[in-house]
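All remarks here apply to the structure that follows.
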Amino acid sequence: MEIFRVEVLMVTRRSFILKIFKSVLLFIFPYFFITSSRGENLKIFKTQKPAKGLVLWYSQTGHTERIGRIIAAQWRKQGLNVHETDIESLDFSSMGNYDVIAAGVPVFYFDIPVNVKNRFQMIPDLEGIAVASFVTYGGTGHNQHNTGCDVLELFQKHGGVPVCMKTFGNMSTFAPTWSAGNSERILRYSHLPDKKTYQDARDFGDTVLHFTGKGKVWEIDRECSFWSPMRMFNAAWWTALLIGRHEVNHQKCISCGTCTERCPGGAINSTDFKIDKKKCIACMGCINNCPVQAIEMEYMGNRVYGFFEFMKREKIAIGEPEEVAEKMNN
Ligand SMILES: Cc1cc2nc3c(=O)[nH]c(=O)nc-3n(C[C@H](O)[C@H](O)[C@H](O)COP(=O)(O)O)c2cc1C
């Protein structure tokens, strides 16, 4: 009984201190902590019995795509007609044809990747389509929950009704970390994604349909996070500034076009593979995906190498979930 009382006291004191801390932050950065959009839209669902689903994602190295494909497979299992796609290949004007949408992004620089934000401006009027968001992040993660909220809010602004969101942790793909000798930080999460991650993704797919069926609206509820205000300082811009040499080694290059394809900033010319540093958004898409290590990049004096090369050197292989293995290996 005594122990119980002490526990309660501790929790109360801790939550009190946390509340004070949150209030101070709220005072300093009011914009970032306002819970966004409660009661803003009419919460009328297009349908509570979805028949057509859309799963879309932006994924540079496969983590977000894998989760998206699991959700799509799960929805198919539940009898839905599902279209799954990366955002670049999606005809945004077709979005209104679906009854439920799941949108996935990785966290880049504490935020939705800038190229995705730009693409999301093309979301048409969704007229009550149920919307869920899923987010993948690296390591302990920075601002992952709020990034999921931001995705939901963007869709809500276009008439979508938020039903659910979830974050999924795995290895970070931020190449400068291991290239600067901090491999250990990344390797702590080399067991992820694992079977539990995949089961969580399946359950998430089910939950989205369950909440939609019940007409349950998700209250977009931001976390008080130190990393939210950090977005003001535009970490991508600073990273781009710290990238020194950034060019294609023409002796190694096999002209496969992967770097051009994977550069959402359009910074790599598709004929001579010259890199326009002014257009680079420091997303690491080129370095992470070049199959022959032909991208030469220096970050604060360190030679950077990509995610798949890092996995190869560390002998890490991601065990693919069976329902999507074939698609992920293509
Ligand atoms: C340029 C860049 C910036 C990143 N910034 C963050 C970040 O701010 N917070 C975080 O938790 N993870 C960050 N990460 C890690 C990715 O979010 C994570 O590895 C994600 O799962 C990658 O997904 P993808 O393989 O679908 O692209 C970053 C990765 C890159 C390449």
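Going by the structure tokens order, chains are called A, B, ..., each with residues numbered from 1, while ligands are numbered from 1 in the order shown.
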
Per residue of chain A within 9 Å of ligand 1, what are the shortest atom pair and its distance in Å to one decimal, counting only C-alpha atoms and all ligand atoms, with rows by chain and residue number, as CSV?
```
residue,atom,partner,partner_atom_place_in_ligand_line,distance
A:Trp57,CA,ligand 1,26 (O),8.0
A:Tyr58,CA,ligand 1,26 (O),6.4
A:Ser59,CA,ligand 1,26 (O),3.4
A:Gln60,CA,ligand 1,27 (O),3.5
A:Thr61,CA,ligand 1,25 (O),3.4
A:Gly62,CA,ligand 1,25 (O),4.1
A:His63,CA,ligand 1,25 (O),3.7
A:Thr64,CA,ligand 1,26 (O),3.6
A:Glu65,CA,ligand 1,26 (O),5.7
A:Arg66,CA,ligand 1,26 (O),7.8
A:Ile67,CA,ligand 1,26 (O),8.7
A:Gly104,CA,ligand 1,26 (O),8.4
A:Val105,CA,ligand 1,26 (O),6.7
A:Pro106,CA,ligand 1,17 (O),4.3
A:Val107,CA,ligand 1,17 (O),3.9
A:Phe108,CA,ligand 1,5 (N),3.5
A:Tyr109,CA,ligand 1,8 (O),3.5
A:Phe110,CA,ligand 1,8 (O),3.5
A:Asp111,CA,ligand 1,8 (O),6.4
A:Pro113,CA,ligand 1,3 (C),8.1
A:Val135,CA,ligand 1,21 (O),7.7
A:Thr136,CA,ligand 1,21 (O),4.2
A:Tyr137,CA,ligand 1,17 (O),3.6
A:Gly138,CA,ligand 1,15 (C),4.0
A:Gly139,CA,ligand 1,11 (O),6.3
A:Thr140,CA,ligand 1,11 (O),6.5
A:Gly141,CA,ligand 1,11 (O),3.2
A:His142,CA,ligand 1,9 (N),4.0
A:Asn143,CA,ligand 1,9 (N),6.3
A:Gln144,CA,ligand 1,11 (O),5.9
A:Phe168,CA,ligand 1,21 (O),7.7
A:Gly169,CA,ligand 1,21 (O),6.7
A:Asn170,CA,ligand 1,21 (O),5.8
A:Met171,CA,ligand 1,19 (O),5.4
A:Ser172,CA,ligand 1,19 (O),3.4
A:Thr173,CA,ligand 1,19 (O),4.1
A:Phe174,CA,ligand 1,31 (C),4.0
A:Ala175,CA,ligand 1,31 (C),6.6
A:Pro176,CA,ligand 1,31 (C),8.9
A:Trp227,CA,ligand 1,8 (O),8.3
A:Ala235,CA,ligand 1,8 (O),8.6
A:Ala236,CA,ligand 1,1 (C),7.3
A:Thr239,CA,ligand 1,1 (C),8.6
A:Ile281,CA,ligand 1,1 (C),8.4
A:Ala282,CA,ligand 1,1 (C),5.9
A:Cys283,CA,ligand 1,1 (C),3.9
A:Met284,CA,ligand 1,31 (C),5.3
A:Gly285,CA,ligand 1,31 (C),7.1
A:Asn288,CA,ligand 1,31 (C),7.9
A:Phe307,CA,ligand 1,31 (C),8.8
```

Residues of segment 109-311 of chain A in helix (DSSP H, G or I) according to DSSP, as a VMD selection string? chain A and resid 114 to 120 144 to 157 175 to 179 183 to 187 195 to 214 227 to 233 235 to 242 258 to 261 285 to 289 307 to 311

So that I can check the surroundings of Met165 of chain A, please list as a PyMOL selection string every protein, DNA and RNA residue that reaches within 9 Å of it, counting only C-alpha atoms and ignoring chain neighbours fewer than 3 positions away. chain A and resi 102+131-135+145+148-149+152+162+204+208+218

Do you know which residues are at most 9 Å from Gly96 of chain A counting only C-alpha atoms, after dropping those on the same chain fewer than 3 positions away, and could you put them as a PyMOL selection string? chain A and resi 92-93+99+124-127+129

Measuring between only C-alpha atoms, which one of A:Asn97, A:Phe120, A:Cys164, A:Gly53 shows the shortest distance to Glu84 of chain A?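 Going through A:Asn97, A:Phe120, A:Cys164, A:Gly53 one by one, the smallest distance to Glu84 of chain A is for A:Gly53.
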
Just want the 12 Å neighbourhood of Leu209 of chain A, counted on only C-alpha atoms, with same-chain residues fewer than 6 positions away dropped. Output as a PyMOL selection string. chain A and resi 47-53+71-72+74-80+99-102+130-132+162-164+202-203+215-217

With distances taken over only C-alpha atoms, which residue among A:Phe45, A:Trp237, A:Trp178, A:Tyr98 lies nearest Phe310 of chain A? A:Trp178

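Here atom CA of Gln293 of chain A is placed at a distance of 24.0 Å from atom CA of Tyr189 of chain A.
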
Residues within 7 Å of Asn289 of chain A, only C-alpha atoms, excluding chain neighbours under 4 positions, as a PyMOL selection string: chain A and resi 258-259+285+306

Can those selected residues be exported to a file as a short mmCIF file (atom, residue, chain, number, x, y, z; two decimals), in the first residue's frame so that it contains N, CA and C atoms?
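This is the output file part-v1.cif:
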```cif
data_model
loop_
_atom_site.label_atom_id
_atom_site.label_comp_id
_atom_site.auth_asym_id
_atom_site.auth_seq_id
_atom_site.Cartn_x
_atom_site.Cartn_y
_atom_site.Cartn_z
N THR A 258 19.80 5.96 -62.10
CA THR A 258 19.19 5.83 -60.77
C THR A 258 19.30 7.15 -59.99
N CYS A 259 20.45 7.79 -60.06
CA CYS A 259 20.64 9.03 -59.27
C CYS A 259 19.66 10.11 -59.71
N GLY A 285 19.38 11.00 -51.58
CA GLY A 285 18.80 10.04 -52.53
C GLY A 285 19.83 9.49 -53.51
N GLY A 306 26.70 5.33 -49.26
CA GLY A 306 25.25 5.21 -49.14
C GLY A 306 24.75 4.08 -48.25
#
```

Polymer residues at most 12 Å from Lys195 of chain A, only C-alpha atoms, same-chain spacing of 5 or more positions, as a PyMOL selection string: chain A and resi 67+70+200-202+318-322

Store the residues picked out above in a file with N, CA, C and O atoms, as a PDB file, in the first residue's frame.
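Below is the file that was written, part.pdb:
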```pdb
ATOM      1  N   ILE A  67       6.276  -0.709 -45.474  1.00  0.00           N
ATOM      2  CA  ILE A  67       5.099  -0.582 -44.591  1.00  0.00           C
ATOM      3  C   ILE A  67       3.848  -0.349 -45.445  1.00  0.00           C
ATOM      4  O   ILE A  67       2.793  -0.952 -45.217  1.00  0.00           O
ATOM      5  N   ILE A  70       2.656  -3.548 -47.010  1.00  0.00           N
ATOM      6  CA  ILE A  70       2.002  -4.444 -46.044  1.00  0.00           C
ATOM      7  C   ILE A  70       0.555  -3.989 -45.807  1.00  0.00           C
ATOM      8  O   ILE A  70      -0.375  -4.795 -45.785  1.00  0.00           O
ATOM      9  N   ASP A 200       2.718  -5.026 -36.615  1.00  0.00           N
ATOM     10  CA  ASP A 200       2.152  -3.706 -36.282  1.00  0.00           C
ATOM     11  C   ASP A 200       1.551  -3.056 -37.534  1.00  0.00           C
ATOM     12  O   ASP A 200       0.506  -2.410 -37.470  1.00  0.00           O
ATOM     13  N   ALA A 201       2.239  -3.227 -38.661  1.00  0.00           N
ATOM     14  CA  ALA A 201       1.750  -2.621 -39.913  1.00  0.00           C
ATOM     15  C   ALA A 201       0.437  -3.285 -40.346  1.00  0.00           C
ATOM     16  O   ALA A 201      -0.499  -2.604 -40.781  1.00  0.00           O
ATOM     17  N   ARG A 202       0.381  -4.613 -40.205  1.00  0.00           N
ATOM     18  CA  ARG A 202      -0.879  -5.322 -40.552  1.00  0.00           C
ATOM     19  C   ARG A 202      -2.003  -4.847 -39.632  1.00  0.00           C
ATOM     20  O   ARG A 202      -3.102  -4.529 -40.085  1.00  0.00           O
ATOM     21  N   ILE A 318      17.764  -7.118 -44.577  1.00  0.00           N
ATOM     22  CA  ILE A 318      16.418  -6.951 -44.009  1.00  0.00           C
ATOM     23  C   ILE A 318      15.567  -8.141 -44.445  1.00  0.00           C
ATOM     24  O   ILE A 318      15.464  -8.437 -45.633  1.00  0.00           O
ATOM     25  N   GLY A 319      14.996  -8.841 -43.475  1.00  0.00           N
ATOM     26  CA  GLY A 319      14.111  -9.971 -43.784  1.00  0.00           C
ATOM     27  C   GLY A 319      12.776  -9.429 -44.249  1.00  0.00           C
ATOM     28  O   GLY A 319      12.070  -8.779 -43.482  1.00  0.00           O
ATOM     29  N   GLU A 320      12.442  -9.670 -45.505  1.00  0.00           N
ATOM     30  CA  GLU A 320      11.208  -9.079 -46.046  1.00  0.00           C
ATOM     31  C   GLU A 320       9.974  -9.847 -45.574  1.00  0.00           C
ATOM     32  O   GLU A 320      10.002 -11.071 -45.484  1.00  0.00           O
ATOM     33  N   PRO A 321       8.878  -9.135 -45.284  1.00  0.00           N
ATOM     34  CA  PRO A 321       7.629  -9.816 -44.918  1.00  0.00           C
ATOM     35  C   PRO A 321       7.104 -10.591 -46.124  1.00  0.00           C
ATOM     36  O   PRO A 321       7.169 -10.084 -47.246  1.00  0.00           O
ATOM     37  N   GLU A 322       6.601 -11.802 -45.879  1.00  0.00           N
ATOM     38  CA  GLU A 322       6.328 -12.696 -47.007  1.00  0.00           C
ATOM     39  C   GLU A 322       5.320 -12.138 -48.016  1.00  0.00           C
ATOM     40  O   GLU A 322       5.484 -12.329 -49.223  1.00  0.00           O
TER      41      GLU A 322
END
```

Distance of atom CA of Ala180 of chain A from atom CA of Arg245 of chain A, expressed in Å to one decimal place: 15.3 Å
